[in-house]
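**Student:** Below is query-v9.cif; it holds mmCIF, C-alpha atoms.
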data_work
#
loop_
_atom_site.group_PDB
_atom_site.id
_atom_site.type_symbol
_atom_site.label_atom_id
_atom_site.label_comp_id
_atom_site.auth_asym_id
_atom_site.auth_seq_id
_atom_site.Cartn_x
_atom_site.Cartn_y
_atom_site.Cartn_z
ATOM 1 C CA MET A 1 16.902 -11.942 -12.445
ATOM 2 C CA PRO A 2 19.015 -13.145 -9.496
ATOM 3 C CA ASP A 3 17.983 -16.479 -7.976
ATOM 4 C CA LYS A 4 17.061 -14.900 -4.640
ATOM 5 C CA ARG A 5 14.368 -12.804 -6.258
ATOM 6 C CA GLN A 6 13.053 -15.735 -8.240
ATOM 7 C CA GLN A 7 12.858 -17.704 -5.008
ATOM 8 C CA ASN A 8 11.021 -14.871 -3.292
ATOM 9 C CA LEU A 9 8.579 -14.604 -6.184
ATOM 10 C CA ALA A 10 7.950 -18.345 -5.881
ATOM 11 C CA VAL A 11 7.117 -17.869 -2.189
ATOM 12 C CA ALA A 12 4.664 -15.105 -3.085
ATOM 13 C CA LYS A 13 3.055 -17.224 -5.818
ATOM 14 C CA ARG A 14 2.575 -20.081 -3.341
ATOM 15 C CA TYR A 15 1.060 -17.584 -0.876
ATOM 16 C CA VAL A 16 -1.605 -16.726 -3.470
ATOM 17 C CA GLU A 17 -2.135 -20.327 -4.600
ATOM 18 C CA LEU A 18 -2.619 -21.732 -1.104
ATOM 19 C CA TYR A 19 -4.797 -18.833 0.042
ATOM 20 C CA ASN A 20 -7.236 -19.939 -2.635
ATOM 21 C CA ILE A 21 -7.354 -23.634 -1.806
ATOM 22 C CA ASP A 22 -6.474 -24.409 1.822
ATOM 23 C CA PRO A 23 -6.320 -21.960 4.751
ATOM 24 C CA GLU A 24 -4.310 -24.274 7.010
ATOM 25 C CA ARG A 25 -1.685 -25.072 4.381
ATOM 26 C CA PHE A 26 -1.648 -21.370 3.487
ATOM 27 C CA VAL A 27 -0.542 -20.484 7.017
ATOM 28 C CA ARG A 28 1.705 -23.445 7.839
ATOM 29 C CA GLU A 29 3.479 -23.652 4.473
ATOM 30 C CA CYS A 30 3.842 -19.944 3.790
ATOM 31 C CA TYR A 31 4.666 -18.384 7.179
ATOM 32 C CA HIS A 32 7.505 -18.884 9.650
ATOM 33 C CA ALA A 33 6.522 -19.917 13.172
ATOM 34 C CA ASP A 34 7.679 -16.523 14.470
ATOM 35 C CA TYR A 35 5.887 -14.576 11.716
ATOM 36 C CA LYS A 36 4.228 -11.217 12.293
ATOM 37 C CA VAL A 37 1.214 -10.051 10.304
ATOM 38 C CA GLY A 38 0.293 -6.392 10.197
ATOM 39 C CA VAL A 39 -3.301 -5.626 9.333
ATOM 40 C CA MET A 40 -2.138 -2.127 8.585
ATOM 41 C CA GLY A 41 -4.131 0.405 10.492
ATOM 42 C CA LEU A 42 -5.819 -2.165 12.716
ATOM 43 C CA GLY A 43 -2.908 -3.896 14.443
ATOM 44 C CA TRP A 44 -0.537 -6.847 14.441
ATOM 45 C CA TYR A 45 -0.885 -10.487 15.309
ATOM 46 C CA ASP A 46 1.348 -13.533 15.625
ATOM 47 C CA GLY A 47 1.114 -17.209 16.614
ATOM 48 C CA ILE A 48 0.666 -19.907 13.972
ATOM 49 C CA ASP A 49 -2.260 -21.722 15.597
ATOM 50 C CA LYS A 50 -4.154 -18.470 16.079
ATOM 51 C CA PHE A 51 -3.469 -17.553 12.453
ATOM 52 C CA VAL A 52 -4.797 -20.924 11.251
ATOM 53 C CA GLU A 53 -7.900 -20.418 13.357
ATOM 54 C CA VAL A 54 -8.456 -16.950 11.859
ATOM 55 C CA GLU A 55 -7.967 -18.088 8.263
ATOM 56 C CA LYS A 56 -10.244 -21.094 8.732
ATOM 57 C CA ALA A 57 -12.941 -18.833 10.173
ATOM 58 C CA VAL A 58 -12.579 -16.463 7.231
ATOM 59 C CA TRP A 59 -12.716 -19.420 4.806
ATOM 60 C CA ASN A 60 -15.844 -20.802 6.456
ATOM 61 C CA ALA A 61 -17.521 -17.394 6.431
ATOM 62 C CA ALA A 62 -16.561 -16.647 2.838
ATOM 63 C CA PRO A 63 -15.779 -19.926 1.041
ATOM 64 C CA THR A 64 -15.920 -18.278 -2.380
ATOM 65 C CA ARG A 65 -13.338 -15.611 -1.603
ATOM 66 C CA ARG A 66 -10.271 -15.843 -3.816
ATOM 67 C CA MET A 67 -7.090 -13.858 -4.321
ATOM 68 C CA LYS A 68 -5.867 -12.783 -7.748
ATOM 69 C CA ILE A 69 -2.532 -11.167 -8.538
ATOM 70 C CA VAL A 70 -2.333 -7.798 -10.251
ATOM 71 C CA SER A 71 1.442 -7.433 -10.045
ATOM 72 C CA MET A 72 4.406 -8.619 -7.999
ATOM 73 C CA HIS A 73 7.639 -6.778 -7.300
ATOM 74 C CA ALA A 74 10.547 -8.682 -5.787
ATOM 75 C CA THR A 75 13.811 -7.648 -4.172
ATOM 76 C CA ASP A 76 16.303 -9.808 -2.293
ATOM 77 C CA ASP A 77 14.299 -9.424 0.937
ATOM 78 C CA VAL A 78 10.804 -8.287 0.050
ATOM 79 C CA VAL A 79 8.018 -9.073 -2.389
ATOM 80 C CA VAL A 80 5.334 -6.446 -2.843
ATOM 81 C CA VAL A 81 2.132 -8.088 -4.056
ATOM 82 C CA GLU A 82 -0.552 -5.929 -5.603
ATOM 83 C CA ALA A 83 -3.670 -8.049 -5.708
ATOM 84 C CA ALA A 84 -7.426 -8.184 -5.315
ATOM 85 C CA VAL A 85 -9.799 -10.383 -3.366
ATOM 86 C CA THR A 86 -12.807 -11.532 -5.337
ATOM 87 C CA ASP A 87 -15.941 -13.190 -3.982
ATOM 88 C CA SER A 88 -18.403 -14.675 -6.441
ATOM 89 C CA SER A 89 -21.119 -14.595 -3.776
ATOM 90 C CA LYS A 90 -20.939 -10.797 -3.925
ATOM 91 C CA GLY A 91 -21.172 -10.711 -7.722
ATOM 92 C CA ALA A 92 -18.917 -11.437 -10.655
ATOM 93 C CA ASP A 93 -17.519 -7.908 -10.737
ATOM 94 C CA TRP A 94 -16.971 -7.456 -7.012
ATOM 95 C CA GLU A 95 -13.382 -7.181 -5.891
ATOM 96 C CA LEU A 96 -11.353 -5.604 -3.105
ATOM 97 C CA PRO A 97 -7.947 -4.290 -4.193
ATOM 98 C CA PHE A 98 -5.164 -4.685 -1.661
ATOM 99 C CA CYS A 99 -1.401 -4.642 -1.282
ATOM 100 C CA ALA A 100 0.748 -7.055 0.734
ATOM 101 C CA VAL A 101 4.374 -6.318 1.546
ATOM 102 C CA LEU A 102 5.961 -9.688 2.328
ATOM 103 C CA GLU A 103 9.356 -9.860 4.016
ATOM 104 C CA ILE A 104 10.805 -13.229 3.025
ATOM 105 C CA ARG A 105 13.284 -15.263 5.080
ATOM 106 C CA GLY A 106 14.440 -18.441 3.386
ATOM 107 C CA ASP A 107 11.411 -20.039 1.767
ATOM 108 C CA LYS A 108 8.710 -18.523 3.994
ATOM 109 C CA ILE A 109 7.191 -15.201 4.984
ATOM 110 C CA ALA A 110 8.600 -13.621 8.151
ATOM 111 C CA VAL A 111 6.606 -10.377 8.121
ATOM 112 C CA ASP A 112 3.415 -9.578 6.225
ATOM 113 C CA ARG A 113 2.121 -6.011 6.084
ATOM 114 C CA THR A 114 -1.207 -5.918 4.263
ATOM 115 C CA TYR A 115 -2.926 -2.703 3.221
ATOM 116 C CA ALA A 116 -6.626 -2.788 2.362
ATOM 117 C CA ASP A 117 -10.036 -1.502 3.293
ATOM 118 C CA PHE A 118 -10.496 -4.332 5.775
ATOM 119 C CA LYS A 119 -14.121 -3.627 6.639
ATOM 120 C CA THR A 120 -15.072 -5.091 3.271
ATOM 121 C CA TRP A 121 -12.672 -8.085 3.285
ATOM 122 C CA PRO A 122 -14.884 -11.178 2.853
ATOM 123 C CA GLY A 123 -15.328 -13.069 6.123
ATOM 124 C CA LEU A 124 -12.966 -10.903 8.152
ATOM 125 C CA ASP A 125 -15.800 -9.331 10.120
ATOM 126 C CA THR A 126 -16.357 -12.711 11.771
ATOM 127 C CA VAL A 127 -12.935 -12.619 13.442
ATOM 128 C CA LEU A 128 -12.177 -8.927 14.056
ATOM 129 C CA MET B 129 13.586 11.508 8.010
ATOM 130 C CA ARG B 130 15.941 12.640 5.260
ATOM 131 C CA SER B 131 18.663 10.162 6.251
ATOM 132 C CA ALA B 132 16.105 7.348 6.330
ATOM 133 C CA LEU B 133 14.929 8.366 2.885
ATOM 134 C CA LEU B 134 18.500 8.423 1.611
ATOM 135 C CA ARG B 135 19.069 4.925 2.997
ATOM 136 C CA CYS B 136 15.903 3.754 1.242
ATOM 137 C CA LEU B 137 17.001 5.416 -1.966
ATOM 138 C CA MET B 138 20.447 3.842 -1.759
ATOM 139 C CA ALA B 139 18.850 0.418 -1.249
ATOM 140 C CA VAL B 140 16.686 1.060 -4.277
ATOM 141 C CA VAL B 141 19.660 2.078 -6.384
ATOM 142 C CA LEU B 142 21.612 -1.011 -5.345
ATOM 143 C CA SER B 143 18.602 -3.233 -5.955
ATOM 144 C CA TRP B 144 18.103 -1.776 -9.388
ATOM 145 C CA ALA B 145 21.758 -2.193 -10.274
ATOM 146 C CA ALA B 146 21.515 -5.873 -9.388
ATOM 147 C CA ILE B 147 18.427 -6.372 -11.543
ATOM 148 C CA GLY B 148 19.466 -4.652 -14.732
ATOM 149 C CA THR B 149 16.505 -5.724 -16.884
ATOM 150 C CA SER B 150 14.478 -3.395 -19.046
ATOM 151 C CA ALA B 151 11.178 -4.740 -17.659
ATOM 152 C CA TYR B 152 11.929 -3.161 -14.322
ATOM 153 C CA ALA B 153 11.416 0.438 -13.395
ATOM 154 C CA SER B 154 14.649 2.421 -13.463
ATOM 155 C CA LYS B 155 16.638 4.033 -10.681
ATOM 156 C CA ALA B 156 15.621 7.351 -12.207
ATOM 157 C CA ASP B 157 11.949 6.358 -11.795
ATOM 158 C CA ALA B 158 12.591 5.482 -8.153
ATOM 159 C CA LYS B 159 14.276 8.829 -7.608
ATOM 160 C CA VAL B 160 11.268 10.654 -9.086
ATOM 161 C CA VAL B 161 8.995 8.817 -6.631
ATOM 162 C CA SER B 162 11.323 9.457 -3.677
ATOM 163 C CA ASP B 163 11.648 13.128 -4.607
ATOM 164 C CA PHE B 164 7.864 13.357 -4.987
ATOM 165 C CA LEU B 165 7.267 11.870 -1.538
ATOM 166 C CA ASP B 166 10.039 14.013 -0.096
ATOM 167 C CA ALA B 167 8.431 17.108 -1.620
ATOM 168 C CA TRP B 168 5.389 16.559 0.590
ATOM 169 C CA GLN B 169 7.513 17.773 3.511
ATOM 170 C CA THR B 170 7.756 21.185 1.854
ATOM 171 C CA HIS B 171 3.968 21.733 1.860
ATOM 172 C CA ASP B 172 4.515 23.365 -1.528
ATOM 173 C CA VAL B 173 1.679 22.171 -3.766
ATOM 174 C CA ASP B 174 3.282 23.578 -6.901
ATOM 175 C CA LYS B 175 6.473 21.639 -6.206
ATOM 176 C CA ILE B 176 4.546 18.462 -5.355
ATOM 177 C CA MET B 177 2.452 18.643 -8.503
ATOM 178 C CA SER B 178 5.535 19.313 -10.647
ATOM 179 C CA PHE B 179 6.365 15.595 -10.327
ATOM 180 C CA VAL B 180 3.139 14.354 -11.939
ATOM 181 C CA SER B 181 2.143 14.310 -15.592
ATOM 182 C CA GLU B 182 -0.757 16.333 -16.971
ATOM 183 C CA ASP B 183 -2.771 13.154 -17.527
ATOM 184 C CA CYS B 184 -1.764 11.359 -14.324
ATOM 185 C CA HIS B 185 -4.064 8.560 -13.158
ATOM 186 C CA TYR B 186 -4.579 8.662 -9.375
ATOM 187 C CA GLU B 187 -6.486 6.018 -7.412
ATOM 188 C CA ASN B 188 -7.128 6.410 -3.737
ATOM 189 C CA PHE B 189 -8.423 3.219 -2.044
ATOM 190 C CA PRO B 190 -10.733 3.400 -0.305
ATOM 191 C CA SER B 191 -12.197 6.447 -1.926
ATOM 192 C CA LEU B 192 -11.934 9.728 -0.053
ATOM 193 C CA SER B 193 -13.823 11.496 -2.770
ATOM 194 C CA GLY B 194 -17.046 9.596 -3.239
ATOM 195 C CA ASP B 195 -17.889 6.443 -5.099
ATOM 196 C CA ASN B 196 -15.292 6.872 -7.800
ATOM 197 C CA PRO B 197 -11.773 6.579 -6.391
ATOM 198 C CA VAL B 198 -10.123 7.501 -9.697
ATOM 199 C CA ILE B 199 -8.897 11.040 -10.228
ATOM 200 C CA THR B 200 -7.557 11.802 -13.685
ATOM 201 C CA GLY B 201 -5.363 14.739 -14.587
ATOM 202 C CA ARG B 202 -2.955 16.970 -12.688
ATOM 203 C CA ASP B 203 -5.490 19.775 -12.231
ATOM 204 C CA ASN B 204 -8.029 17.455 -10.598
ATOM 205 C CA MET B 205 -5.302 15.938 -8.416
ATOM 206 C CA ARG B 206 -4.263 19.407 -7.334
ATOM 207 C CA THR B 207 -7.844 20.290 -6.396
ATOM 208 C CA PHE B 208 -8.051 17.100 -4.309
ATOM 209 C CA LEU B 209 -4.648 17.402 -2.614
ATOM 210 C CA ALA B 210 -4.351 21.168 -2.124
ATOM 211 C CA PRO B 211 -6.357 21.276 1.146
ATOM 212 C CA PHE B 212 -3.721 19.047 2.757
ATOM 213 C CA PHE B 213 -1.203 21.855 2.399
ATOM 214 C CA ALA B 214 -3.282 25.024 2.397
ATOM 215 C CA LYS B 215 -2.194 27.603 4.967
ATOM 216 C CA GLU B 216 -4.961 30.204 4.971
ATOM 217 C CA PRO B 217 -7.852 30.210 4.881
ATOM 218 C CA LEU B 218 -8.447 26.725 6.250
ATOM 219 C CA ILE B 219 -11.888 25.689 7.438
ATOM 220 C CA VAL B 220 -10.282 23.078 9.669
ATOM 221 C CA PRO B 221 -6.656 23.769 10.640
ATOM 222 C CA PHE B 222 -4.554 20.631 10.683
ATOM 223 C CA LYS B 223 -0.946 19.586 10.311
ATOM 224 C CA PHE B 224 0.169 16.879 7.937
ATOM 225 C CA HIS B 225 3.420 15.131 7.200
ATOM 226 C CA THR B 226 4.430 11.816 5.689
ATOM 227 C CA GLU B 227 7.229 9.390 6.562
ATOM 228 C CA VAL B 228 8.567 7.046 3.886
ATOM 229 C CA LYS B 229 9.337 3.538 5.174
ATOM 230 C CA LEU B 230 10.222 1.597 2.031
ATOM 231 C CA VAL B 231 10.740 2.154 -1.681
ATOM 232 C CA VAL B 232 11.005 -0.884 -3.966
ATOM 233 C CA VAL B 233 11.887 -0.819 -7.659
ATOM 234 C CA GLY B 234 9.535 -3.316 -9.199
ATOM 235 C CA ASP B 235 8.375 -4.811 -12.462
ATOM 236 C CA GLY B 236 7.327 -1.713 -14.385
ATOM 237 C CA ALA B 237 6.452 0.167 -11.226
ATOM 238 C CA VAL B 238 7.831 1.605 -8.017
ATOM 239 C CA ALA B 239 6.189 0.416 -4.798
ATOM 240 C CA SER B 240 6.393 2.271 -1.517
ATOM 241 C CA GLU B 241 5.254 2.156 2.080
ATOM 242 C CA ARG B 242 4.718 5.311 4.100
ATOM 243 C CA VAL B 243 2.867 6.610 7.120
ATOM 244 C CA ASP B 244 0.777 9.765 6.770
ATOM 245 C CA TYR B 245 0.490 11.692 10.039
ATOM 246 C CA PHE B 246 -2.402 14.042 10.774
ATOM 247 C CA GLU B 247 -2.647 16.449 13.708
ATOM 248 C CA ILE B 248 -6.095 17.976 14.069
ATOM 249 C CA GLY B 249 -6.688 20.011 17.194
ATOM 250 C CA SER B 250 -5.522 17.806 20.044
ATOM 251 C CA GLY B 251 -5.977 14.619 18.013
ATOM 252 C CA LYS B 252 -3.045 12.823 16.416
ATOM 253 C CA PHE B 253 -3.584 10.133 13.786
ATOM 254 C CA ALA B 254 -1.304 7.841 11.766
ATOM 255 C CA LEU B 255 -2.387 6.272 8.480
ATOM 256 C CA PRO B 256 -0.171 3.495 7.032
ATOM 257 C CA VAL B 257 -0.280 3.579 3.227
ATOM 258 C CA ALA B 258 1.120 1.423 0.410
ATOM 259 C CA GLY B 259 1.547 3.257 -2.887
ATOM 260 C CA PHE B 260 2.275 2.127 -6.434
ATOM 261 C CA PHE B 261 3.753 4.481 -8.995
ATOM 262 C CA LYS B 262 4.546 4.366 -12.692
ATOM 263 C CA VAL B 263 6.886 6.947 -14.161
ATOM 264 C CA LYS B 264 7.251 7.994 -17.786
ATOM 265 C CA ASP B 265 9.682 10.594 -19.086
ATOM 266 C CA GLY B 266 10.482 11.709 -15.557
ATOM 267 C CA LYS B 267 6.860 12.297 -14.499
ATOM 268 C CA ILE B 268 4.518 10.185 -12.409
ATOM 269 C CA VAL B 269 1.770 8.954 -14.743
ATOM 270 C CA TYR B 270 0.088 6.492 -12.361
ATOM 271 C CA TRP B 271 -0.343 6.542 -8.596
ATOM 272 C CA LYS B 272 -2.472 4.149 -6.569
ATOM 273 C CA ASP B 273 -2.692 4.199 -2.763
ATOM 274 C CA TYR B 274 -3.938 1.398 -0.507
ATOM 275 C CA PHE B 275 -4.998 1.968 3.101
ATOM 276 C CA ASP B 276 -7.616 0.963 5.626
ATOM 277 C CA GLY B 277 -10.934 2.793 5.496
ATOM 278 C CA PRO B 278 -11.824 2.607 9.205
ATOM 279 C CA THR B 279 -8.376 3.986 10.079
ATOM 280 C CA ILE B 280 -9.027 7.184 8.193
ATOM 281 C CA GLU B 281 -12.656 7.505 9.296
ATOM 282 C CA PRO B 282 -11.848 9.240 12.628
ATOM 283 C CA ILE B 283 -9.757 11.750 10.684
ATOM 284 C CA THR B 284 -12.470 12.603 8.191
ATOM 285 C CA THR B 285 -15.162 12.484 10.877
ATOM 286 C CA LEU B 286 -13.270 14.931 13.093
ATOM 287 C CA MET B 287 -12.545 17.262 10.199
ATOM 288 C CA THR B 288 -16.180 17.192 9.122
ATOM 289 C CA ALA B 289 -17.361 17.855 12.677
ATOM 290 C CA LEU B 290 -14.979 20.776 13.124
ATOM 291 C CA ALA B 291 -15.958 22.192 9.744
ATOM 292 C CA LYS B 292 -19.609 22.323 10.844
ATOM 293 C CA LYS B 293 -18.796 24.423 13.940
#
Can you dump the structure from the file as structure tokens?

**Tutor:**
Amino acid sequence: MPDKRQQNLAVAKRYVELYNIDPERFVRECYHADYKVGVMGLGWYDGIDKFVEVEKAVWNAAPTRRMKIVSMHATDDVVVVEAAVTDSSKGADWELPFCAVLEIRGDKIAVDRTYADFKTWPGLDTVL
Amino acid sequence: MRSALLRCLMAVVLSWAAIGTSAYASKADAKVVSDFLDAWQTHDVDKIMSFVSEDCHYENFPSLSGDNPVITGRDNMRTFLAPFFAKEPLIVPFKFHTEVKLVVVGDGAVASERVDYFEIGSGKFALPVAGFFKVKDGKIVYWKDYFDGPTIEPITTLMTALAKK
């Protein structure tokens, strides 16, 4: 596999790893300052500080939410992550499948388009 | 639409050529998916269903068909999808078309992004969707769609309301 794709996969793996342990590092280490995130169907947002605020609020509202990878598909510019959010507070079997299309620039995410049934995303109701 | 699809397909072909590993889906798989999505523009259910295998596994998140989002088998898929393309009689007349934004050849699967457009009466709705496909022997054997539930609720609510009139 070409190096570019390996690098992009590494970015996506860090995106999952940091989502599960530290919301501020997740945002600051994974996303460019001029990132755009599409909550597909609901709208778009940008601004690093606002993003950190949102992810911290989600973390505080749902501290047991975690992301697990189902599959990842990399090209030279994009990684498509098929994943699920779990939340042990909702039960061992509860999970929300979702898909994130991550446009990678260098070693960070420039554009994130996430597809999911957001009304059931743990903690998101506290910020939307 | 067609030129955009061709550009996507060309990008897929070039991407695949650069990968060249057996773990990845093939350019032929990507073409099956692109042709399948393109076929939706024809509103020909027979043609659309000709791309899927008899035992195709179809998951529609969030479920549009009750608690179980999994539909198994071409006949059941056809029953679920046919109303999108029926001409007459339709309980609720609506127009539907889909626009493909991205097709990615991935690790054992083909991923895509598209927007499904609905026109119901005077209402126009757009539903962004991410889809995953697996292809075997030239047929789609696995199809899973991801989209936002609240985004599609106005569509289903309006259709239900009109159907009750």

**Student:** Apply the PyMOL selection byres ((chain A) within 9 of (chain B)) to the displayed file and report the matching residues as a PyMOL selection string.

**Tutor:** chain A and resi 1-2+39-42+71-76+78-80+82+97-101+114-119

**Student:** Using all atoms listed in the file, which protein or nucleic acid residues come within 10 Å of Arg28 (chain A)? Drop anything in the same chain fewer than 3 positions from it, and give the result as a ChimeraX atom specification.

**Tutor:** /A:23-25,31-33,48-49,51-52,108

**Student:** To one decimal in Å, tell me the separation between CA of Cys30 (chain A) and CA of Leu124 (chain A).

**Tutor:**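 That distance, rounded to one decimal, is 19.6 Å.
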
**Student:** Between CA of Asp183 (chain B) and CA of Lys267 (chain B), what is the distance, to one decimal in Å?

**Tutor:**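 Computing it gives 10.1 Å between the two atoms.
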
**Student:** Set the distance at 10 Å and use only C-alpha atoms: which residues neighbour Ser88 (chain A) once local chain neighbours fewer than 5 positions away are removed? I'd like the list as a PyMOL selection string.

**Tutor:** chain A and resi 62-66+93-95

**Student:** To one decimal place in Å, what is the distance between CA of Met67 (chain A) and CA of Tyr19 (chain A)?

**Tutor:** 7.0 Å

**Student:** Please rebuild region 6-34 of chain A with N, CA and C atoms and give the result as a PDB file, keeping the file's coordinate frame.

**Tutor:**
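Written file, result.pdb:
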ATOM      1  N   GLN A   6      13.919 -14.689  -7.689  1.00  0.00           N
ATOM      2  CA  GLN A   6      13.053 -15.735  -8.240  1.00  0.00           C
ATOM      3  C   GLN A   6      12.476 -16.593  -7.122  1.00  0.00           C
ATOM      4  N   GLN A   7      13.327 -16.906  -6.155  1.00  0.00           N
ATOM      5  CA  GLN A   7      12.858 -17.704  -5.008  1.00  0.00           C
ATOM      6  C   GLN A   7      11.784 -16.951  -4.231  1.00  0.00           C
ATOM      7  N   ASN A   8      12.010 -15.666  -4.028  1.00  0.00           N
ATOM      8  CA  ASN A   8      11.021 -14.871  -3.292  1.00  0.00           C
ATOM      9  C   ASN A   8       9.701 -14.764  -4.061  1.00  0.00           C
ATOM     10  N   LEU A   9       9.804 -14.633  -5.369  1.00  0.00           N
ATOM     11  CA  LEU A   9       8.579 -14.604  -6.184  1.00  0.00           C
ATOM     12  C   LEU A   9       7.820 -15.923  -6.072  1.00  0.00           C
ATOM     13  N   ALA A  10       8.590 -17.029  -6.018  1.00  0.00           N
ATOM     14  CA  ALA A  10       7.950 -18.345  -5.881  1.00  0.00           C
ATOM     15  C   ALA A  10       7.203 -18.447  -4.545  1.00  0.00           C
ATOM     16  N   VAL A  11       7.792 -17.877  -3.493  1.00  0.00           N
ATOM     17  CA  VAL A  11       7.117 -17.869  -2.189  1.00  0.00           C
ATOM     18  C   VAL A  11       5.804 -17.084  -2.291  1.00  0.00           C
ATOM     19  N   ALA A  12       5.862 -15.945  -2.959  1.00  0.00           N
ATOM     20  CA  ALA A  12       4.664 -15.105  -3.085  1.00  0.00           C
ATOM     21  C   ALA A  12       3.592 -15.800  -3.931  1.00  0.00           C
ATOM     22  N   LYS A  13       4.028 -16.507  -4.978  1.00  0.00           N
ATOM     23  CA  LYS A  13       3.055 -17.224  -5.818  1.00  0.00           C
ATOM     24  C   LYS A  13       2.384 -18.350  -5.027  1.00  0.00           C
ATOM     25  N   ARG A  14       3.161 -19.025  -4.172  1.00  0.00           N
ATOM     26  CA  ARG A  14       2.575 -20.081  -3.341  1.00  0.00           C
ATOM     27  C   ARG A  14       1.592 -19.496  -2.330  1.00  0.00           C
ATOM     28  N   TYR A  15       1.932 -18.303  -1.811  1.00  0.00           N
ATOM     29  CA  TYR A  15       1.060 -17.584  -0.876  1.00  0.00           C
ATOM     30  C   TYR A  15      -0.323 -17.354  -1.517  1.00  0.00           C
ATOM     31  N   VAL A  16      -0.334 -16.956  -2.780  1.00  0.00           N
ATOM     32  CA  VAL A  16      -1.605 -16.726  -3.470  1.00  0.00           C
ATOM     33  C   VAL A  16      -2.318 -18.052  -3.738  1.00  0.00           C
ATOM     34  N   GLU A  17      -1.554 -19.025  -4.235  1.00  0.00           N
ATOM     35  CA  GLU A  17      -2.135 -20.327  -4.600  1.00  0.00           C
ATOM     36  C   GLU A  17      -2.799 -20.997  -3.396  1.00  0.00           C
ATOM     37  N   LEU A  18      -2.081 -21.028  -2.274  1.00  0.00           N
ATOM     38  CA  LEU A  18      -2.619 -21.732  -1.104  1.00  0.00           C
ATOM     39  C   LEU A  18      -3.747 -20.950  -0.428  1.00  0.00           C
ATOM     40  N   TYR A  19      -3.697 -19.630  -0.520  1.00  0.00           N
ATOM     41  CA  TYR A  19      -4.797 -18.833   0.042  1.00  0.00           C
ATOM     42  C   TYR A  19      -6.121 -19.248  -0.607  1.00  0.00           C
ATOM     43  N   ASN A  20      -6.016 -19.635  -1.882  1.00  0.00           N
ATOM     44  CA  ASN A  20      -7.236 -19.939  -2.635  1.00  0.00           C
ATOM     45  C   ASN A  20      -7.731 -21.372  -2.477  1.00  0.00           C
ATOM     46  N   ILE A  21      -6.905 -22.236  -1.860  1.00  0.00           N
ATOM     47  CA  ILE A  21      -7.354 -23.634  -1.806  1.00  0.00           C
ATOM     48  C   ILE A  21      -7.376 -24.242  -0.406  1.00  0.00           C
ATOM     49  N   ASP A  22      -6.553 -23.731   0.518  1.00  0.00           N
ATOM     50  CA  ASP A  22      -6.474 -24.409   1.822  1.00  0.00           C
ATOM     51  C   ASP A  22      -5.927 -23.445   2.890  1.00  0.00           C
ATOM     52  N   PRO A  23      -6.784 -22.964   3.779  1.00  0.00           N
ATOM     53  CA  PRO A  23      -6.320 -21.960   4.751  1.00  0.00           C
ATOM     54  C   PRO A  23      -5.246 -22.476   5.702  1.00  0.00           C
ATOM     55  N   GLU A  24      -5.317 -23.756   6.077  1.00  0.00           N
ATOM     56  CA  GLU A  24      -4.310 -24.274   7.010  1.00  0.00           C
ATOM     57  C   GLU A  24      -2.943 -24.423   6.326  1.00  0.00           C
ATOM     58  N   ARG A  25      -2.944 -24.970   5.118  1.00  0.00           N
ATOM     59  CA  ARG A  25      -1.685 -25.072   4.381  1.00  0.00           C
ATOM     60  C   ARG A  25      -1.144 -23.680   4.066  1.00  0.00           C
ATOM     61  N   PHE A  26      -2.049 -22.759   3.763  1.00  0.00           N
ATOM     62  CA  PHE A  26      -1.648 -21.370   3.487  1.00  0.00           C
ATOM     63  C   PHE A  26      -0.793 -20.840   4.632  1.00  0.00           C
ATOM     64  N   VAL A  27      -1.258 -21.015   5.854  1.00  0.00           N
ATOM     65  CA  VAL A  27      -0.542 -20.484   7.017  1.00  0.00           C
ATOM     66  C   VAL A  27       0.718 -21.301   7.295  1.00  0.00           C
ATOM     67  N   ARG A  28       0.576 -22.611   7.390  1.00  0.00           N
ATOM     68  CA  ARG A  28       1.705 -23.445   7.839  1.00  0.00           C
ATOM     69  C   ARG A  28       2.820 -23.560   6.801  1.00  0.00           C
ATOM     70  N   GLU A  29       2.450 -23.501   5.506  1.00  0.00           N
ATOM     71  CA  GLU A  29       3.479 -23.652   4.473  1.00  0.00           C
ATOM     72  C   GLU A  29       4.070 -22.325   3.998  1.00  0.00           C
ATOM     73  N   CYS A  30       3.372 -21.243   4.299  1.00  0.00           N
ATOM     74  CA  CYS A  30       3.842 -19.944   3.790  1.00  0.00           C
ATOM     75  C   CYS A  30       4.508 -19.080   4.852  1.00  0.00           C
ATOM     76  N   TYR A  31       4.197 -19.297   6.141  1.00  0.00           N
ATOM     77  CA  TYR A  31       4.666 -18.384   7.179  1.00  0.00           C
ATOM     78  C   TYR A  31       5.596 -19.092   8.164  1.00  0.00           C
ATOM     79  N   HIS A  32       6.639 -18.378   8.586  1.00  0.00           N
ATOM     80  CA  HIS A  32       7.505 -18.884   9.650  1.00  0.00           C
ATOM     81  C   HIS A  32       6.724 -18.942  10.963  1.00  0.00           C
ATOM     82  N   ALA A  33       7.191 -19.789  11.873  1.00  0.00           N
ATOM     83  CA  ALA A  33       6.522 -19.917  13.172  1.00  0.00           C
ATOM     84  C   ALA A  33       6.541 -18.606  13.950  1.00  0.00           C
ATOM     85  N   ASP A  34       7.585 -17.799  13.743  1.00  0.00           N
ATOM     86  CA  ASP A  34       7.679 -16.523  14.470  1.00  0.00           C
ATOM     87  C   ASP A  34       7.251 -15.340  13.598  1.00  0.00           C
TER      88      ASP A  34
END
